[in-house]
Every structure is written in structure tokens, then in C-alpha cells.
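Presented below is the structure to which this report refers.
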Amino acid sequence: MKKILIVGAGGQIGSELVPYLRGIYGAENVVATDVRECKGLGDDGPFEVLDALNPTNMASAVARHGIDTIFNLVALLSAVGERNPQMAWNINMGALFNSLEVARQHHCAVFTPSSIGAFGPTSPKDMTPQDTIMQPTTIYGICKVTGELLSNYYHQKYGIDTRSIRFPGIISNKTLPGGGTTDYAVEIYYEALRNGHYTCAVPHDVYMDMIYMPDALRAIVELMEADPAKLKHRNSFNLASMSFTPDILAAEIKRHIPDFTIDFDIDPVKEAIANSWPNQLDDSCAREEWGWKPQWDISAMTRDMLEKVAMKLK
Ligand code: SER
């Protein structure tokens, strides 16, 4: 990775991945793009408005900047996808297809996030294996599985260096996630600090995999820098870090804010999605093939989140 293009850079992952990559590879070597102007992303490095659904414009950016690696971060998340499945398919698959095609024509590597949402109710729930039944019931998950297969296809057929991670819900304090089922695990910190109370849309006892952003960023770079000879899998690696329920997270927050309270107003769409996803993934392939090891657990993350979000809310 010497010259990187990020499409969909204005979202939850991109807003932190851009500065992280710029710190490692040099600000001028990380070109951030998004469908709209994004505050901050152009301050210390190149930023362009780019619609990832326009392959001509994407190819032109790749050629102009001499790009060798594309990070495709464009996606509508799971809950919002259910409100407009056709749009979710068009955006999620369109951006990936264009990234792969531009990569094929310009000899680039491609990273695309997949998700725990690529699994469904027929997948084993506990220690969900790397290679298992994948029959998701959301349009988001259907796009993720299709994307994994398509990315493997481009690798096998055209030799494109495609790599991907099945991310847990990502918890972060810079940019809010938008429209996901795991969003509660971010919102809860803001509400705990603002009001001492949070009303959660996801049932109190549903386990889902989660990861803190610093671990997620490190995982992306470690996978992209991994020796290709060691990779038996590519699209996409199970990744695990922590798994908890809303009750467990609320109890952790209460250790810092004793008066914190939580109640539940269940969103049936999020409930159905959360129930269809695994409790915890088995990430042994990521550990074996490229040395993955999480550094953050729920208590260290909660301490850090409360500190950072408190500073932000001041
Ligand atoms: N965080 C995503 C969502 O909830 C899952 O990848 O949709």
C-alpha cells in the first residue's frame, strides 16, 4: 500500500481510518473521497467529492493519483437497508462492483468491510465458524455475502488482491454509525453522559459481537499488510473482540455512572435482525493466517469511551 483511495470516507469507519492511514503512509498518499463534502478530511491531506456509483469518475481519480489500493467503505447499514432494500442493493453492490472493476483495470488491491450481518438464523450461533452456512435475512447481509463471493471471484479470475474482514458492531467516538443494529452500543455512551439514561431499541439479552475502533483500524492495516502466501482465506475473515448484551454494557457503564438507568422500547426490525445474527464469531483463521489479536475489552473500552465522549460533549 503506497497510494490509497478511500471511497465512502465520510462515514463511521472512514472518518477514523483516513487519519490513521495518513499517519502510517503519509498524508499525501491517502486520498479521501465521499459523495459529499466532509468536514476535516481535507484538512491534512487530499480530499475529493466522488460518487462511487460513477465508475468513470472513480477510474479517473485512480489514474490521476496513481492509486494502488482502494478501500471501499460505501454502505447502507442493516436497519436502514430494510427501509429501502432496492436502494441498499444499488448502493452497496454498485460501489463494490465499481471498485473491483476499476481495480481490475488499474491493477489495484481492494479492501471492503464485510460484517457479522453476513450470517443469518441458520448459521451456528456460538463460535460461528469461518466457513459455514451463510443465509442472511437482511438486504445488508445479502449484499455482504454477495460481495464476499464477488471479491473472491475477482481474486481467482483476475488475480486482484481482494481482502476483507467480517466486522462486529464497531464502537467509536468520532462519527456516529448511521442506521445499524449495533448502533445502540455507541448511542448508549452519549445518552449516559447527557441524561444518565438510555432507551434501547434492541432486546436486553441479545448477544452480538462488538469491537472498539482502535482495534478495528489496526486489524484493517494488519490484514492489508499480511503476507499473501499465508492467506488461505480472503473474503472475508471472521473477527472477534468482545461479545455482550445491552444489559452487560449497561452494567459496565453503571460502574462509572452509578445512577445510570436503561429501559427498552424494542424496534421490531432491529430485534429480528439482532436475533438472526451470531452471538460470537470464531476468529481463529484471522489469528492463524495474519496474527489477529484484540487489545481492547469491554471495561477498557468503556473507560475510554466515557472519557472521550465526555470531552466531546463539553
Ligand atoms: N454495524 C452493522 C449494523 O449494525 C453491522 O455490520 O448494521
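Ordering of the C-alpha cells sets the chain letters (A, B, ...), residue numbers begin anew at 1 in every chain, and ligands are numbered from 1 in the order given.
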
Taking a cut-off of 7 Å and counting only C-alpha atoms and all ligand atoms, can you build a table that, for each residue of chain A near ligand 1, reports the nearest atom pair and how far apart they are in Å (one decimal), sorted by chain then residue number, as CSV?
residue,atom,partner,partner_atom_place_in_ligand_line,distance
A:Leu77,CA,ligand 1,7 (O),4.2
A:Ser78,CA,ligand 1,7 (O),3.7
A:Ala79,CA,ligand 1,7 (O),6.1
A:Ser115,CA,ligand 1,6 (O),4.3
A:Ile116,CA,ligand 1,6 (O),5.7
A:Gly117,CA,ligand 1,6 (O),5.5
A:Phe167,CA,ligand 1,6 (O),6.0
A:Pro168,CA,ligand 1,6 (O),5.9
A:Gly169,CA,ligand 1,1 (N),4.1
A:Ile170,CA,ligand 1,1 (N),6.1
A:Gly179,CA,ligand 1,7 (O),6.6
A:Gly180,CA,ligand 1,4 (O),3.3
A:Thr181,CA,ligand 1,4 (O),3.5
A:Thr182,CA,ligand 1,4 (O),4.1
A:Asp183,CA,ligand 1,4 (O),6.1

Contact residues around Ser99 of chain A with only C-alpha atoms at 9 Å, ignoring same-chain residues under 4 positions, as an NGL selection string = :A and (7 or 52 or 55 or 58-59 or 70-72 or 94-95 or 103-104 or 110)

Atom CA of Ala118 of chain A sits from atom CA of Ile298 of chain A at a separation of 23.6 Å

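Ranking A:Val206, A:Ser164, A:Asp267, A:Gly196 by their shortest atom-to-atom distance to Leu223 of chain A, with only C-alpha atoms included, puts A:Ser164 first.
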
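As for atom CA of Asp209 of chain A and atom CA of Gln280 of chain A, they are spaced 5.5 Å apart.
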
Review point. In segment 52-234 of chain A, what's strand (DSSP E) per DSSP? Answer as JSON, numbers by chain?
Key: {"A": [69, 70, 71, 72, 109, 110, 111, 112, 113, 114, 115, 126, 127, 128, 162, 163, 164, 165, 166, 167, 169, 170, 171, 197, 198, 199, 200, 208, 209, 210, 211, 212]}

Name the residues in contact with Leu239 of chain A at a cut-off of 8 Å, using only C-alpha atoms, excluding same-chain residues fewer than 3 positions from it; report them as an mmCIF file with N, CA, C and O atoms, in the first residue's frame.
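Contents of selection_19.cif, as written:
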data_model
loop_
_atom_site.group_PDB
_atom_site.id
_atom_site.type_symbol
_atom_site.label_atom_id
_atom_site.label_comp_id
_atom_site.auth_asym_id
_atom_site.auth_seq_id
_atom_site.Cartn_x
_atom_site.Cartn_y
_atom_site.Cartn_z
ATOM 1 N N ILE A 165 -12.744 -8.150 6.004
ATOM 2 C CA ILE A 165 -12.984 -8.565 7.399
ATOM 3 C C ILE A 165 -14.483 -8.537 7.672
ATOM 4 O O ILE A 165 -15.163 -7.579 7.286
ATOM 5 N N ARG A 166 -14.978 -9.576 8.351
ATOM 6 C CA ARG A 166 -16.377 -9.563 8.828
ATOM 7 C C ARG A 166 -16.385 -8.848 10.173
ATOM 8 O O ARG A 166 -16.096 -9.437 11.204
ATOM 9 N N PHE A 167 -16.702 -7.543 10.129
ATOM 10 C CA PHE A 167 -16.628 -6.747 11.349
ATOM 11 C C PHE A 167 -17.805 -6.980 12.275
ATOM 12 O O PHE A 167 -18.938 -7.076 11.838
ATOM 13 N N PRO A 168 -17.516 -7.017 13.577
ATOM 14 C CA PRO A 168 -18.554 -6.883 14.589
ATOM 15 C C PRO A 168 -19.108 -5.459 14.561
ATOM 16 O O PRO A 168 -18.627 -4.617 13.791
ATOM 17 N N LEU A 281 -18.439 -14.835 17.030
ATOM 18 C CA LEU A 281 -17.735 -15.499 15.926
ATOM 19 C C LEU A 281 -16.467 -16.191 16.416
ATOM 20 O O LEU A 281 -15.810 -15.724 17.341
ATOM 21 N N ASP A 282 -16.112 -17.254 15.727
ATOM 22 C CA ASP A 282 -14.807 -17.905 15.927
ATOM 23 C C ASP A 282 -13.822 -17.249 14.951
ATOM 24 O O ASP A 282 -13.974 -17.370 13.731
ATOM 25 N N ASP A 283 -12.829 -16.545 15.500
ATOM 26 C CA ASP A 283 -11.901 -15.809 14.619
ATOM 27 C C ASP A 283 -10.534 -16.496 14.527
ATOM 28 O O ASP A 283 -9.521 -15.829 14.277
ATOM 29 N N ALA A 286 -8.367 -15.784 11.357
ATOM 30 C CA ALA A 286 -7.681 -14.477 11.345
ATOM 31 C C ALA A 286 -6.450 -14.522 12.252
ATOM 32 O O ALA A 286 -5.402 -13.969 11.929
#

Inset, instruction - Tell me which protein, DNA and RNA residues are within 9 Å of Gly141 of chain A, counting only C-alpha atoms, leaving out same-chain ones fewer than 2 positions away, and put them as a PyMOL selection string. - result: chain A and resi 78+114-120+135-139+143-146

- Message: Need the shell around Pro294 of chain A: protein/DNA/RNA residues with any atom at most 10 Å away, counting only C-alpha atoms. Skip same-chain ones fewer than 5 positions apart. Format as a ChimeraX atom specification?
- Response: /A:211-212,214-216,218-219,239-242,287

Residue selection dump (N, CA, C and O atoms) as an mmCIF file, in the first residue's frame:
data_model
loop_
_atom_site.group_PDB
_atom_site.id
_atom_site.type_symbol
_atom_site.label_atom_id
_atom_site.label_comp_id
_atom_site.auth_asym_id
_atom_site.auth_seq_id
_atom_site.Cartn_x
_atom_site.Cartn_y
_atom_site.Cartn_z
ATOM 1 N N ILE A 211 -16.565 -4.460 18.591
ATOM 2 C CA ILE A 211 -15.122 -4.175 18.582
ATOM 3 C C ILE A 211 -14.926 -2.676 18.775
ATOM 4 O O ILE A 211 -15.765 -1.879 18.310
ATOM 5 N N TYR A 212 -13.854 -2.295 19.459
ATOM 6 C CA TYR A 212 -13.559 -0.871 19.628
ATOM 7 C C TYR A 212 -12.754 -0.398 18.415
ATOM 8 O O TYR A 212 -11.887 -1.118 17.906
ATOM 9 N N PRO A 214 -10.142 1.454 17.709
ATOM 10 C CA PRO A 214 -8.684 1.307 17.549
ATOM 11 C C PRO A 214 -8.284 -0.108 17.124
ATOM 12 O O PRO A 214 -7.356 -0.283 16.319
ATOM 13 N N ASP A 215 -8.974 -1.117 17.644
ATOM 14 C CA ASP A 215 -8.696 -2.495 17.221
ATOM 15 C C ASP A 215 -9.126 -2.716 15.767
ATOM 16 O O ASP A 215 -8.443 -3.410 15.010
ATOM 17 N N ALA A 216 -10.250 -2.129 15.394
ATOM 18 C CA ALA A 216 -10.752 -2.306 14.018
ATOM 19 C C ALA A 216 -9.771 -1.711 13.003
ATOM 20 O O ALA A 216 -9.467 -2.320 11.972
ATOM 21 N N ARG A 218 -6.530 -1.151 13.422
ATOM 22 C CA ARG A 218 -5.289 -1.946 13.402
ATOM 23 C C ARG A 218 -5.505 -3.241 12.606
ATOM 24 O O ARG A 218 -4.644 -3.671 11.824
ATOM 25 N N ALA A 219 -6.683 -3.849 12.764
ATOM 26 C CA ALA A 219 -6.973 -5.087 12.033
ATOM 27 C C ALA A 219 -6.924 -4.860 10.518
ATOM 28 O O ALA A 219 -6.368 -5.676 9.774
ATOM 29 N N LEU A 239 -13.889 -11.844 12.568
ATOM 30 C CA LEU A 239 -13.079 -11.111 13.533
ATOM 31 C C LEU A 239 -13.885 -11.004 14.827
ATOM 32 O O LEU A 239 -15.073 -10.694 14.777
ATOM 33 N N ALA A 240 -13.242 -11.285 15.942
ATOM 34 C CA ALA A 240 -13.946 -11.159 17.219
ATOM 35 C C ALA A 240 -13.080 -10.387 18.185
ATOM 36 O O ALA A 240 -11.855 -10.375 18.075
ATOM 37 N N SER A 241 -13.747 -9.737 19.127
ATOM 38 C CA SER A 241 -13.027 -8.965 20.114
ATOM 39 C C SER A 241 -13.755 -9.083 21.446
ATOM 40 O O SER A 241 -13.196 -9.503 22.439
ATOM 41 N N MET A 242 -15.039 -8.691 21.451
ATOM 42 C CA MET A 242 -15.859 -8.835 22.658
ATOM 43 C C MET A 242 -17.290 -9.114 22.210
ATOM 44 O O MET A 242 -17.684 -8.759 21.097
ATOM 45 N N ARG A 287 -6.581 -15.200 13.374
ATOM 46 C CA ARG A 287 -5.446 -15.309 14.304
ATOM 47 C C ARG A 287 -4.308 -16.098 13.665
ATOM 48 O O ARG A 287 -3.138 -15.716 13.750
#

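Distances here use only C-alpha atoms; by that measure, the residue among A:Leu96, A:Ile6, A:Ile171, A:Ala185 closest to Leu150 of chain A is A:Leu96.
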
| Excluding same-chain residues fewer than 2 positions from Thr69 of chain A, what lies within 10 Å of it counting only C-alpha atoms, as a ChimeraX atom specification? | /A:1-6,30,62,66-67,71-72,99,103,106-111,161-162,224

Keeping only C-alpha atoms, write the selected residues as a PDB file, in the first residue's frame.
ATOM      1  CA  MET A   1       0.000   0.000   0.000  1.00  0.00           C
ATOM      2  CA  LYS A   2       1.719   3.132  -1.212  1.00  0.00           C
ATOM      3  CA  LYS A   3      -1.082   5.228  -2.669  1.00  0.00           C
ATOM      4  CA  ILE A   4      -4.549   4.715  -1.255  1.00  0.00           C
ATOM      5  CA  LEU A   5      -8.025   5.802  -2.415  1.00  0.00           C
ATOM      6  CA  ILE A   6     -10.856   5.630   0.088  1.00  0.00           C
ATOM      7  CA  VAL A  30      -4.183   8.771   1.273  1.00  0.00           C
ATOM      8  CA  VAL A  62      -7.380   6.226  -9.508  1.00  0.00           C
ATOM      9  CA  GLY A  66      -1.553   6.674  -9.266  1.00  0.00           C
ATOM     10  CA  ILE A  67      -3.599   4.638  -6.751  1.00  0.00           C
ATOM     11  CA  PHE A  71     -10.750   0.981   0.350  1.00  0.00           C
ATOM     12  CA  ASN A  72     -14.447   0.691  -0.421  1.00  0.00           C
ATOM     13  CA  SER A  99     -14.269  -0.687  -7.004  1.00  0.00           C
ATOM     14  CA  ALA A 103      -9.127  -2.273  -9.545  1.00  0.00           C
ATOM     15  CA  HIS A 106      -5.779  -0.267 -12.911  1.00  0.00           C
ATOM     16  CA  HIS A 107      -4.166  -3.172 -11.011  1.00  0.00           C
ATOM     17  CA  CYS A 108      -5.184  -2.136  -7.510  1.00  0.00           C
ATOM     18  CA  ALA A 109      -5.760  -4.109  -4.316  1.00  0.00           C
ATOM     19  CA  VAL A 110      -9.226  -3.764  -2.739  1.00  0.00           C
ATOM     20  CA  PHE A 111     -10.351  -3.793   0.889  1.00  0.00           C
ATOM     21  CA  ASP A 161      -5.634  -8.703  -4.339  1.00  0.00           C
ATOM     22  CA  THR A 162      -9.005  -8.514  -2.572  1.00  0.00           C
ATOM     23  CA  MET A 224      -3.729  -5.497   4.179  1.00  0.00           C
TER      24      MET A 224
END

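Distance check against Val309 of chain A using only C-alpha atoms: of A:Val202, A:Ile273, A:Ala192, A:Leu231, the minimum falls on A:Ala192.
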
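Note that the spacing between atom CA of Ser276 of chain A and atom CA of Ile133 of chain A amounts to 12.8 Å.
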
Judged by only C-alpha atoms, the minimum distance to His204 of chain A among A:Cys285, A:Leu100, A:Leu249, A:Val18 is found for A:Leu249
